[in-house]
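Asker: Structure file entry.txt (compact mmCIF, C-alpha atoms) right here:
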# COMPACT_ATOMS: atom_id res chain seq x y z
CA MET V 1 -38.29 1.32 14.12
CA GLU V 2 -35.74 3.99 13.36
CA ARG V 3 -36.95 6.68 11.03
CA PRO V 4 -35.00 6.35 7.72
CA PRO V 5 -32.93 9.34 6.59
CA SER V 6 -34.31 11.66 3.97
CA VAL V 7 -33.50 10.82 0.37
CA ASP V 8 -31.52 14.04 0.01
CA ALA V 9 -29.47 13.45 3.18
CA LEU V 10 -28.62 9.89 2.17
CA ALA V 11 -27.73 11.00 -1.35
CA ARG V 12 -25.41 13.69 -0.04
CA SER V 13 -23.66 11.18 2.20
CA LEU V 14 -22.78 9.20 -0.94
CA ALA V 15 -21.01 12.16 -2.59
CA PRO V 16 -17.49 10.65 -2.12
CA THR V 17 -18.32 8.16 -4.91
CA GLY V 18 -17.98 11.06 -7.35
CA LEU V 19 -21.30 10.33 -9.06
CA PRO V 20 -23.59 13.24 -9.97
CA HIS V 21 -26.21 14.06 -7.33
CA PRO V 22 -29.23 13.00 -9.47
CA LEU V 23 -27.80 9.47 -9.75
CA LEU V 24 -27.14 9.36 -6.01
CA VAL V 25 -30.74 10.42 -5.41
CA ASP V 26 -31.87 7.42 -7.47
CA VAL V 27 -29.64 5.11 -5.43
CA ALA V 28 -30.79 6.60 -2.13
CA ARG V 29 -34.47 6.40 -3.06
CA ALA V 30 -34.15 2.73 -4.09
CA ALA V 31 -32.20 1.81 -0.94
CA ILE V 32 -34.79 3.45 1.33
CA ALA V 33 -37.67 1.81 -0.55
CA ASP V 34 -36.02 -1.60 -0.14
CA GLY V 35 -35.34 -1.02 3.56
CA ALA V 36 -31.63 -1.35 2.87
CA VAL V 37 -30.20 2.02 3.82
CA GLU V 38 -27.01 0.34 5.00
CA ASP V 39 -26.43 -0.94 1.45
CA ALA V 40 -26.65 2.48 -0.18
CA SER V 41 -22.90 3.02 -0.32
CA ALA V 42 -22.31 -0.40 -1.90
CA ARG V 43 -25.09 0.26 -4.40
CA ALA V 44 -23.57 3.59 -5.38
CA GLU V 45 -20.18 1.95 -5.84
CA ALA V 46 -21.75 -0.81 -7.93
CA LEU V 47 -23.36 1.82 -10.14
CA ARG V 48 -20.06 3.66 -10.53
CA ARG V 49 -18.37 0.47 -11.66
CA THR V 50 -20.88 0.01 -14.48
CA LEU V 51 -19.46 3.14 -16.12
CA LEU V 52 -16.52 3.06 -18.52
CA THR V 53 -13.23 3.15 -16.65
CA THR V 54 -9.59 2.41 -17.33
CA VAL V 55 -8.29 -1.01 -16.27
CA VAL V 56 -4.95 -2.77 -16.14
CA ASN V 57 -4.90 -5.53 -18.74
CA ALA V 58 -2.88 -8.37 -17.19
CA THR V 59 -4.61 -11.10 -19.21
CA GLY V 60 -1.82 -11.59 -21.74
CA VAL V 61 -4.31 -10.85 -24.55
CA LEU V 62 -2.94 -7.72 -26.19
CA LEU V 63 -6.01 -6.88 -28.29
CA HIS V 64 -8.67 -7.89 -25.78
CA THR V 65 -12.09 -7.17 -27.31
CA ASN V 66 -13.73 -6.78 -23.88
CA LEU V 67 -11.06 -4.26 -22.90
CA GLY V 68 -11.30 -2.05 -25.98
CA ARG V 69 -8.70 -3.83 -28.14
CA ALA V 70 -5.78 -1.52 -29.03
CA PRO V 71 -5.09 1.08 -26.32
CA VAL V 72 -5.14 4.57 -27.84
CA ALA V 73 -4.22 7.94 -26.37
CA HIS V 74 -5.60 10.91 -28.24
CA THR V 75 -6.12 14.51 -27.16
CA GLN V 76 -7.17 17.55 -29.10
CA PRO V 77 -8.22 21.07 -28.18
CA ALA V 78 -11.90 21.94 -27.86
CA ARG V 79 -11.88 23.80 -31.15
CA ALA V 80 -13.71 23.56 -34.44
CA GLN V 81 -11.95 21.38 -37.01
CA SER V 82 -11.94 21.29 -40.80
CA LEU V 83 -13.96 18.09 -40.83
CA GLU V 84 -15.93 18.82 -44.00
CA LEU V 85 -14.46 22.12 -45.10
CA ASP V 86 -12.10 22.52 -48.04
CA LEU V 87 -9.64 25.12 -46.76
CA ALA V 88 -8.41 25.85 -50.31
CA THR V 89 -11.83 26.77 -51.74
CA GLY V 90 -13.83 27.57 -48.61
CA GLU V 91 -16.52 25.20 -49.83
CA ARG V 92 -17.87 22.01 -48.34
CA GLY V 93 -15.39 19.15 -48.53
CA SER V 94 -15.27 15.47 -47.66
CA ARG V 95 -14.41 14.11 -44.22
CA GLN V 96 -12.81 11.17 -46.04
CA ARG V 97 -10.40 13.17 -48.16
CA GLY V 98 -7.45 13.76 -45.84
CA VAL V 99 -7.39 10.54 -43.84
CA GLY V 100 -8.44 8.52 -46.89
CA ALA V 101 -5.48 9.80 -48.89
CA LEU V 102 -3.09 8.98 -46.03
CA LEU V 103 -4.46 5.46 -45.67
CA ALA V 104 -4.26 4.91 -49.42
CA ARG V 105 -0.61 5.99 -49.36
CA LEU V 106 0.09 3.66 -46.43
CA CYS V 107 -1.60 0.65 -48.06
CA GLY V 108 -0.36 1.26 -51.60
CA ALA V 109 -3.96 1.74 -52.80
CA GLU V 110 -5.54 4.17 -55.25
CA ALA V 111 -8.05 5.35 -52.65
CA ALA V 112 -9.36 4.59 -49.18
CA MET V 113 -12.21 5.54 -46.87
CA VAL V 114 -13.13 5.05 -43.21
CA VAL V 115 -16.30 3.75 -41.57
CA ASN V 116 -17.07 2.97 -37.94
CA ASN V 117 -15.87 -0.67 -37.85
CA ASN V 118 -14.86 -3.53 -40.12
CA ALA V 119 -18.29 -5.13 -40.04
CA ALA V 120 -19.68 -1.89 -41.44
CA ALA V 121 -16.93 -1.88 -44.07
CA VAL V 122 -17.91 -5.34 -45.32
CA LEU V 123 -21.62 -4.47 -45.24
CA LEU V 124 -21.08 -1.21 -47.16
CA VAL V 125 -18.92 -2.86 -49.83
CA LEU V 126 -21.50 -5.57 -50.44
CA ALA V 127 -24.41 -3.12 -50.46
CA ALA V 128 -22.67 -0.71 -52.81
CA LEU V 129 -21.22 -3.24 -55.23
CA ALA V 130 -23.34 -6.39 -55.07
CA THR V 131 -26.98 -5.67 -54.13
CA GLY V 132 -29.21 -8.05 -56.04
CA ARG V 133 -26.24 -9.94 -57.45
CA ASP V 134 -24.23 -13.06 -56.59
CA VAL V 135 -21.12 -13.17 -54.39
CA PRO V 136 -19.17 -16.47 -54.18
CA VAL V 137 -17.74 -17.24 -50.72
CA SER V 138 -15.80 -20.35 -49.75
CA ARG V 139 -17.78 -22.53 -47.38
CA GLY V 140 -14.73 -22.60 -45.11
CA GLU V 141 -14.88 -18.79 -44.87
CA SER V 142 -18.62 -18.47 -44.26
CA VAL V 143 -17.92 -17.99 -40.57
CA GLU V 144 -19.27 -16.31 -37.47
CA ILE V 145 -16.85 -14.16 -35.51
CA GLY V 146 -17.16 -12.15 -32.29
CA GLY V 147 -20.49 -10.58 -31.40
CA GLY V 148 -22.54 -12.74 -33.77
CA PHE V 149 -21.04 -11.29 -36.98
CA ARG V 150 -22.08 -13.96 -39.49
CA ILE V 151 -21.04 -13.69 -43.12
CA PRO V 152 -24.31 -15.18 -44.48
CA GLU V 153 -26.41 -12.75 -42.43
CA VAL V 154 -24.30 -9.74 -43.40
CA MET V 155 -24.68 -10.83 -47.02
CA GLU V 156 -28.45 -11.02 -46.59
CA GLN V 157 -28.64 -7.57 -45.00
CA SER V 158 -26.60 -6.08 -47.85
CA GLY V 159 -28.97 -7.42 -50.48
CA ALA V 160 -26.27 -9.56 -52.11
CA ARG V 161 -26.84 -13.26 -52.80
CA LEU V 162 -24.42 -15.74 -51.25
CA LEU V 163 -23.02 -18.43 -53.55
CA ASP V 164 -21.64 -21.24 -51.40
CA VAL V 165 -18.37 -22.45 -52.96
CA GLY V 166 -16.26 -25.53 -52.23
CA THR V 167 -16.28 -27.41 -48.94
CA THR V 168 -15.43 -26.55 -45.35
CA ASN V 169 -11.85 -27.76 -45.63
CA ARG V 170 -11.01 -27.48 -49.35
CA THR V 171 -11.94 -24.81 -51.87
CA ARG V 172 -10.15 -24.70 -55.23
CA LEU V 173 -10.05 -22.13 -58.01
CA SER V 174 -12.12 -24.53 -60.12
CA ASP V 175 -14.91 -24.27 -57.52
CA TYR V 176 -15.09 -20.52 -58.03
CA ARG V 177 -15.00 -20.92 -61.83
CA ARG V 178 -17.88 -23.36 -61.63
CA ALA V 179 -19.90 -20.80 -59.64
CA LEU V 180 -19.19 -18.10 -62.21
CA ASP V 181 -20.15 -20.42 -65.09
CA GLN V 182 -23.58 -21.33 -63.74
CA PRO V 183 -26.26 -20.49 -66.35
CA ASN V 184 -28.08 -17.93 -64.18
CA ALA V 185 -25.07 -16.59 -62.30
CA ASP V 186 -24.70 -12.82 -62.01
CA VAL V 187 -21.49 -12.49 -60.05
CA ALA V 188 -20.63 -8.99 -58.85
CA LEU V 189 -17.45 -9.86 -56.95
CA VAL V 190 -15.68 -12.64 -55.08
CA LEU V 191 -15.40 -12.24 -51.30
CA LYS V 192 -12.45 -13.76 -49.42
CA VAL V 193 -12.88 -13.67 -45.65
CA HIS V 194 -10.28 -13.78 -42.88
CA PRO V 195 -11.67 -16.55 -40.64
CA SER V 196 -10.50 -14.82 -37.43
CA ASN V 197 -10.14 -17.42 -34.66
CA PHE V 198 -11.65 -20.22 -36.73
CA ARG V 199 -9.15 -22.67 -38.19
CA VAL V 200 -9.38 -26.03 -39.98
CA ALA V 201 -6.20 -28.11 -39.79
CA GLY V 202 -5.06 -31.16 -41.67
CA PHE V 203 -6.51 -31.96 -45.09
CA VAL V 204 -7.12 -28.35 -46.17
CA GLU V 205 -6.76 -26.20 -49.26
CA GLU V 206 -7.73 -22.61 -50.00
CA THR V 207 -7.50 -20.39 -53.05
CA THR V 208 -5.17 -17.39 -52.87
CA VAL V 209 -6.11 -13.84 -53.76
CA ALA V 210 -3.58 -13.98 -56.61
CA ASP V 211 -5.43 -16.95 -58.12
CA LEU V 212 -8.86 -15.44 -57.52
CA SER V 213 -7.82 -12.27 -59.33
CA SER V 214 -7.59 -14.30 -62.54
CA LEU V 215 -11.36 -14.88 -62.58
CA GLY V 216 -12.19 -11.58 -64.25
CA VAL V 217 -14.37 -10.17 -61.44
CA PRO V 218 -13.31 -7.90 -58.56
CA VAL V 219 -11.88 -9.68 -55.53
CA VAL V 220 -12.71 -8.17 -52.13
CA ALA V 221 -10.54 -9.43 -49.27
CA ASP V 222 -11.87 -8.97 -45.75
CA LEU V 223 -8.57 -9.02 -43.85
CA GLY V 224 -10.14 -8.18 -40.51
CA SER V 225 -7.04 -7.87 -38.36
CA GLY V 226 -5.51 -4.79 -39.96
CA LEU V 227 -1.90 -5.67 -40.70
CA VAL V 228 -0.87 -2.98 -43.17
CA ASP V 229 2.38 -4.38 -44.52
CA ALA V 230 3.75 -7.90 -43.99
CA THR V 231 7.32 -6.56 -43.97
CA CYS V 232 6.59 -4.27 -40.96
CA PRO V 233 8.94 -1.53 -42.20
CA TRP V 234 8.13 0.55 -39.11
CA LEU V 235 9.96 -1.96 -36.88
CA PRO V 236 13.71 -2.53 -36.65
CA GLY V 237 14.78 -5.90 -37.97
CA PRO V 238 12.57 -8.58 -39.54
CA PRO V 239 8.82 -8.91 -38.88
CA PRO V 240 7.90 -10.72 -35.65
CA THR V 241 7.65 -14.47 -36.17
CA TRP V 242 4.15 -14.58 -34.68
CA LEU V 243 2.90 -12.62 -37.72
CA ALA V 244 3.87 -15.38 -40.15
CA GLY V 245 0.96 -16.12 -42.47
CA GLU V 246 -1.13 -13.13 -41.40
CA PRO V 247 -2.55 -11.42 -44.55
CA ALA V 248 -1.55 -7.78 -45.01
CA ALA V 249 -3.29 -4.99 -46.90
CA ARG V 250 -0.37 -3.89 -49.10
CA GLN V 251 0.57 -7.41 -50.24
CA THR V 252 -3.08 -8.42 -50.77
CA LEU V 253 -3.61 -5.44 -53.07
CA LEU V 254 -0.41 -6.29 -54.92
CA ASP V 255 -1.75 -9.82 -55.37
CA GLY V 256 -4.68 -8.41 -57.30
CA ALA V 257 -7.44 -7.67 -54.78
CA ALA V 258 -9.70 -4.86 -55.96
CA LEU V 259 -10.54 -3.89 -52.37
CA VAL V 260 -9.42 -4.81 -48.88
CA THR V 261 -11.28 -4.15 -45.65
CA PHE V 262 -9.77 -4.25 -42.16
CA SER V 263 -10.12 -2.97 -38.60
CA GLY V 264 -8.49 0.13 -37.20
CA ASP V 265 -8.30 -1.14 -33.61
CA LYS V 266 -6.45 -4.41 -34.11
CA LEU V 267 -2.95 -4.76 -35.60
CA LEU V 268 -3.15 -1.21 -36.94
CA GLY V 269 -3.21 -0.15 -33.29
CA GLY V 270 -5.70 2.71 -33.56
CA PRO V 271 -9.29 3.59 -32.65
CA GLN V 272 -12.29 1.46 -33.57
CA ALA V 273 -12.80 1.96 -37.30
CA GLY V 274 -13.19 0.06 -40.52
CA ILE V 275 -11.00 0.82 -43.53
CA ILE V 276 -11.87 0.19 -47.19
CA ALA V 277 -8.89 0.54 -49.53
CA GLY V 278 -8.23 -0.29 -53.16
CA ARG V 279 -9.49 0.75 -56.58
CA ARG V 280 -10.58 4.38 -56.79
CA ASP V 281 -13.79 3.67 -58.71
CA LEU V 282 -14.97 1.03 -56.23
CA VAL V 283 -14.10 3.10 -53.16
CA GLY V 284 -15.97 5.97 -54.83
CA ARG V 285 -19.09 3.84 -55.27
CA CYS V 286 -18.93 2.86 -51.61
CA GLY V 287 -18.66 6.50 -50.59
CA GLN V 288 -21.65 7.49 -52.70
CA HIS V 289 -23.95 4.77 -51.33
CA PRO V 290 -26.65 6.01 -48.89
CA LEU V 291 -25.41 3.58 -46.24
CA ALA V 292 -22.07 5.39 -46.14
CA ARG V 293 -23.58 8.24 -44.16
CA ALA V 294 -25.04 5.86 -41.59
CA VAL V 295 -21.68 4.21 -40.90
CA ARG V 296 -19.36 7.21 -41.20
CA PRO V 297 -16.99 7.99 -38.30
CA GLY V 298 -16.92 11.21 -36.31
CA GLY V 299 -14.21 13.82 -36.13
CA LEU V 300 -12.61 12.39 -32.98
CA VAL V 301 -12.05 8.99 -34.62
CA LEU V 302 -10.75 10.54 -37.83
CA ALA V 303 -8.35 12.80 -35.92
CA ALA V 304 -7.00 9.86 -33.89
CA LEU V 305 -6.68 7.76 -37.04
CA GLN V 306 -4.90 10.59 -38.83
CA ASP V 307 -2.33 10.88 -36.04
CA LEU V 308 -1.82 7.11 -36.19
CA VAL V 309 -1.27 6.96 -39.97
CA LEU V 310 1.11 9.92 -39.84
CA ALA V 311 3.13 8.02 -37.21
CA TYR V 312 3.30 5.01 -39.55
CA LEU V 313 4.44 7.16 -42.45
CA ALA V 314 7.03 8.86 -40.24
CA ARG V 315 8.28 5.44 -39.01
CA ASP V 316 7.49 6.56 -35.45
CA VAL V 317 5.35 3.54 -34.64
CA ALA V 318 7.53 2.07 -31.87
CA ASP V 319 7.04 5.22 -29.76
CA ALA V 320 3.61 6.41 -30.92
CA VAL V 321 1.58 3.20 -31.12
CA PRO V 322 1.13 1.43 -27.75
CA PHE V 323 0.15 -1.89 -29.34
CA TRP V 324 3.43 -2.27 -31.22
CA ARG V 325 5.38 -1.08 -28.21
CA MET V 326 3.95 -3.77 -25.96
CA ALA V 327 4.00 -6.44 -28.70
CA THR V 328 7.73 -5.95 -29.31
CA THR V 329 9.01 -5.41 -25.76
CA PRO V 330 11.98 -7.77 -25.30
CA VAL V 331 11.03 -10.74 -23.17
CA GLY V 332 14.08 -10.10 -20.98
CA GLN V 333 12.64 -6.75 -19.90
CA LEU V 334 9.36 -8.41 -18.98
CA ARG V 335 11.20 -10.98 -16.90
CA GLN V 336 13.06 -8.27 -14.99
CA ARG V 337 9.80 -6.47 -14.26
CA ALA V 338 8.04 -9.68 -13.16
CA GLU V 339 10.90 -10.60 -10.82
CA ALA V 340 10.97 -7.08 -9.36
CA ILE V 341 7.20 -7.09 -8.78
CA ALA V 342 7.26 -10.52 -7.12
CA TYR V 343 10.24 -9.59 -4.94
CA THR V 344 8.63 -6.31 -3.83
CA ILE V 345 5.37 -8.06 -2.93
CA VAL V 346 7.00 -10.86 -0.96
CA GLU V 347 9.26 -8.43 0.93
CA SER V 348 6.34 -6.16 1.73
CA VAL V 349 4.23 -9.05 3.02
CA ALA V 350 7.13 -10.36 5.10
CA GLU V 351 7.55 -6.98 6.78
CA THR V 352 3.90 -6.87 7.79
CA ALA V 353 3.73 -10.61 8.61
CA ALA V 354 0.46 -10.68 6.67
CA GLY V 355 0.99 -14.00 4.90
CA GLY V 356 -1.69 -15.17 2.49
CA ALA V 357 -1.50 -15.68 -1.26
CA ALA V 358 0.69 -12.65 -1.85
CA ALA V 359 3.48 -14.21 0.21
CA ALA V 360 3.82 -16.89 -2.47
CA ALA V 361 3.98 -14.54 -5.46
CA VAL V 362 6.57 -15.68 -8.01
CA ALA V 363 7.71 -14.56 -11.45
CA VAL V 364 6.84 -17.06 -14.19
CA ALA V 365 7.31 -17.39 -17.94
CA THR V 366 4.01 -17.06 -19.82
CA GLU V 367 2.65 -17.00 -23.36
CA ALA V 368 0.75 -13.91 -24.50
CA VAL V 369 -1.45 -13.80 -27.61
CA PRO V 370 -2.18 -10.99 -30.10
CA GLY V 371 -5.96 -11.35 -29.62
CA GLY V 372 -8.82 -9.73 -31.48
CA GLY V 373 -8.87 -12.56 -34.03
CA SER V 374 -5.40 -11.53 -35.21
CA ALA V 375 -2.76 -14.17 -35.96
CA PRO V 376 -4.91 -16.99 -34.50
CA GLY V 377 -2.88 -19.71 -32.84
CA ALA V 378 0.20 -17.50 -32.52
CA THR V 379 1.77 -16.82 -29.14
CA ILE V 380 4.31 -14.28 -27.93
CA PRO V 381 6.78 -15.19 -25.16
CA SER V 382 6.12 -13.18 -22.04
CA TRP V 383 6.54 -13.07 -18.27
CA GLY V 384 4.19 -12.43 -15.43
CA VAL V 385 3.46 -12.95 -11.74
CA ARG V 386 1.72 -16.03 -10.33
CA VAL V 387 -0.06 -16.27 -6.98
CA PRO V 388 -1.79 -19.42 -5.70
CA GLY V 389 -5.59 -19.51 -5.73
CA ASP V 390 -8.23 -17.88 -7.88
CA HIS V 391 -8.21 -14.14 -7.16
CA VAL V 392 -9.49 -12.74 -10.45
CA ALA V 393 -12.66 -11.37 -8.84
CA ALA V 394 -10.74 -9.68 -6.02
CA LEU V 395 -8.31 -8.11 -8.49
CA ARG V 396 -11.20 -6.97 -10.65
CA ALA V 397 -12.63 -5.19 -7.59
CA ASN V 398 -9.40 -3.25 -7.15
CA ASP V 399 -9.28 0.48 -7.92
CA PRO V 400 -8.22 0.61 -10.69
CA PRO V 401 -9.48 -2.83 -11.72
CA VAL V 402 -6.78 -5.36 -12.59
CA ILE V 403 -7.92 -7.95 -15.12
CA ALA V 404 -6.01 -11.22 -14.75
CA ARG V 405 -6.68 -14.87 -15.55
CA SER V 406 -7.02 -18.06 -13.53
CA LEU V 407 -4.92 -21.05 -14.55
CA ASP V 408 -4.34 -24.36 -12.75
CA ARG V 409 -5.73 -23.16 -9.40
CA ALA V 410 -3.58 -20.03 -9.51
CA THR V 411 -3.90 -16.45 -10.71
CA VAL V 412 -1.49 -15.26 -13.41
CA LEU V 413 -0.89 -11.60 -14.23
CA ASP V 414 0.84 -11.35 -17.61
CA LEU V 415 2.94 -8.21 -18.10
CA ARG V 416 3.12 -7.93 -21.90
CA ALA V 417 0.02 -5.71 -22.12
CA VAL V 418 0.76 -3.86 -18.86
CA ASP V 419 2.36 -0.44 -19.12
CA PRO V 420 5.46 -0.27 -16.87
CA THR V 421 3.93 2.69 -15.06
CA ASP V 422 1.23 0.31 -13.79
CA ASP V 423 3.66 -2.11 -12.14
CA ALA V 424 3.10 -0.31 -8.85
CA VAL V 425 -0.64 -0.88 -9.25
CA LEU V 426 0.00 -4.62 -9.55
CA VAL V 427 2.19 -4.59 -6.46
CA ASP V 428 -0.52 -2.88 -4.44
CA ALA V 429 -3.38 -5.01 -5.85
CA ILE V 430 -1.60 -8.33 -5.24
CA GLY V 431 -0.45 -7.16 -1.83
CA ARG V 432 -4.07 -6.54 -0.85
CA LEU V 433 -4.80 -10.24 -1.34
CA SER V 434 -3.08 -10.92 1.98
CA ARG V 435 -5.03 -8.33 3.97
Starting from the coordinates I provided, produce the structure as structure tokens.

Answerer:
Amino acid sequence: MERPPSVDALARSLAPTGLPHPLLVDVARAAIADGAVEDASARAEALRRTLLTTVVNATGVLLHTNLGRAPVAHTQPARAQSLELDLATGERGSRQRGVGALLARLCGAEAAMVVNNNAAAVLLVLAALATGRDVPVSRGESVEIGGGFRIPEVMEQSGARLLDVGTTNRTRLSDYRRALDQPNADVALVLKVHPSNFRVAGFVEETTVADLSSLGVPVVADLGSGLVDATCPWLPGPPPTWLAGEPAARQTLLDGAALVTFSGDKLLGGPQAGIIAGRRDLVGRCGQHPLARAVRPGGLVLAALQDLVLAYLARDVADAVPFWRMATTPVGQLRQRAEAIAYTIVESVAETAAGGAAAAAVAVATEAVPGGGSAPGATIPSWGVRVPGDHVAALRANDPPVIARSLDRATVLDLRAVDPTDDAVLVDAIGRLSR
């Protein structure tokens, strides 16, 4: 038998993977112990691919939860920041003050604060305002959304008591009144929940925030998706048709909601965060609750969110927010890109006489979706490139990984969520399918 290489020698031979030497030592030691020295390079590469890396999102899902939802670019110098310092007094300040005021201005609210995601926002609101008390929720809104986020379980963790109201498909204002009028009822607030991707069609009825606000108790609306203003004043022309019916923070507050909660990384187009906006006294109680410290965001998130909100207020969204840029790209531009990509691939394959799936690449009309539970059921016209056969695994193994989808025994790469600078990556990745 050949003597195996030393662990150190094998680890050093794996240096081109770019992984730190201690990790390569672990890989080398395991490969030698398993008698699989020849697999060490593949093992190191497999380890590298478990780390966070940028990918090309060609799925047609703009806010893809598995791909980080809204793409965000944020840089800042490695300097101290005035996170909790009041520059006017020199005393300790609040990390919520600056960004909270900007968000309140954007939403038309008295006050706002930021936590680390929307689930935390809902949990904090319930814990701060309804522990030990009743909270009516429509049975049709007592849902589970991504990652096992279940309204009844969140309610239980907060210490609030769920009052099941109405039926799965129809909940009227009278159902809420009946809950409030129960002899032992101690209602702290009414919770209205955005059902995300869950929808009941047909014989349905729900109670609006405007009607709920007549009940005499605070209404908290969990909007989830993060549309700030239904009129989309940051975009030229009317709001996109695919947003029709999507609840927005500003209009929900105008309808009488005491608080709204929503995500920062969905239709807002920013980093992962949860926003609580509305009445100053209620936001203040949330901020003073002990749980607020456990779910507070760090300086990097607040700085990225601040840049985002300033862009909204400056009406610079089309250039500064990648989500809105890709969501509103004219479909004609996407078609031109798809046709150019397909033509380049086919010509390149013809020159090399490689053949294979890439030789049959064609531009096709597609339907993209907002994703992330936003505007469920809505689609956005798009274009992409289709190649015969299922090649999603091969494309995922590309460097950088290209994430596509398989449809009707073919692979489709939708361009709506692909930055134009990555078109060359698609050309190369699809071209490799013929090699």

Asker: At a cut-off of 12 Å, using only C-alpha atoms, what residues contact V:Thr168? Leave out same-chain residues fewer than 3 positions from it and give the result as JSON, numbers by chain.

Answerer: {"V": [137, 138, 139, 140, 141, 142, 143, 164, 165, 171, 172, 195, 198, 199, 200, 201, 202, 203, 204, 205, 206]}

Asker: Measure the distance from atom CA of V:Val228 to atom CA of V:Ala210 in Å and round it to one decimal.

Answerer: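 Calculated distance between atom CA of V:Val228 and atom CA of V:Ala210 is 17.6 Å.
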
Asker: To one decimal place in Å, what is the distance between atom CA of V:Ala73 and atom CA of V:Leu19?

Answerer: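 That distance, rounded to one decimal, is 24.4 Å.
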
Asker: Figure out the distance between atom CA of V:Ser225 and atom CA of V:Lys266, please, to one decimal in Å.

Answerer: 5.5 Å

Asker: Find the residues around V:Leu67 up to 9 Å (all atoms listed in the file counted), leave out those fewer than 5 positions away in its own chain, and share them as a short mmCIF file (atom, residue, chain, number, x, y, z; two decimals) with C-alpha atoms, in the frame of the given file.

Answerer:
data_model
loop_
_atom_site.label_atom_id
_atom_site.label_comp_id
_atom_site.auth_asym_id
_atom_site.auth_seq_id
_atom_site.Cartn_x
_atom_site.Cartn_y
_atom_site.Cartn_z
CA THR V 54 -9.59 2.41 -17.33
CA VAL V 55 -8.29 -1.01 -16.27
CA ASN V 57 -4.90 -5.53 -18.74
#

Asker: List as number ranges by chain the protein and nucleic acid residues near V:Ala417, meaning an atom at most 12 Å away when all atoms listed in the file are counted, but skip any in the same chain fewer than 6 places from it.

Answerer: V: 55-64, 67, 69-71, 322-329, 334, 367-371, 380, 382-384, 402-404, 423

Asker: Tell me which of V:Leu433, V:Leu253, V:Val115, V:Ala314 sits closest to V:Pro233, counting all atoms listed in the file.

Answerer: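 For V:Pro233, the nearest of the candidates is V:Ala314.
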
Asker: Please determine an axis-aligned box that encloses all atoms of stretch 323-342 of chain V listed in the file, with 5 Å added on each side, and express its centre and edge lengths in Å to one decimal as JSON.

Answerer:
{"center_x": 7.1, "center_y": -6.0, "center_z": -19.2, "size_x": 23.9, "size_y": 19.9, "size_z": 34.1}

Asker: Using only C-alpha atoms, what residues lie at most 12 Å away from (-6.4, -18.9, -52.6) (file coordinates), given as a ChimeraX atom specification?

Answerer: /V:137-138,140-141,166,170-176,190-194,204-215,219,221,247,252,255-257

Asker: Let me make sure I understand: among V:Val364, V:Gly389, V:Glu110, V:Gly431, which one has the smallest atom-to-atom distance to V:Thr352 if we use all atoms listed in the file?

Answerer: V:Gly431

Asker: Given the choices V:Gly98, V:Gly35, V:Gly298, V:Gly278, which gets closest to V:Val220 if the distance is worked out from all atoms listed in the file?

Answerer: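 Closest candidate: V:Gly278.
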
Asker: Quick one: of V:Val187, V:Leu51, V:Ile32, V:Leu302, who's nearest to V:Met113, counting all atoms listed in the file?

Answerer: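 Residue with the minimum atom-to-atom distance to V:Met113: V:Leu302.
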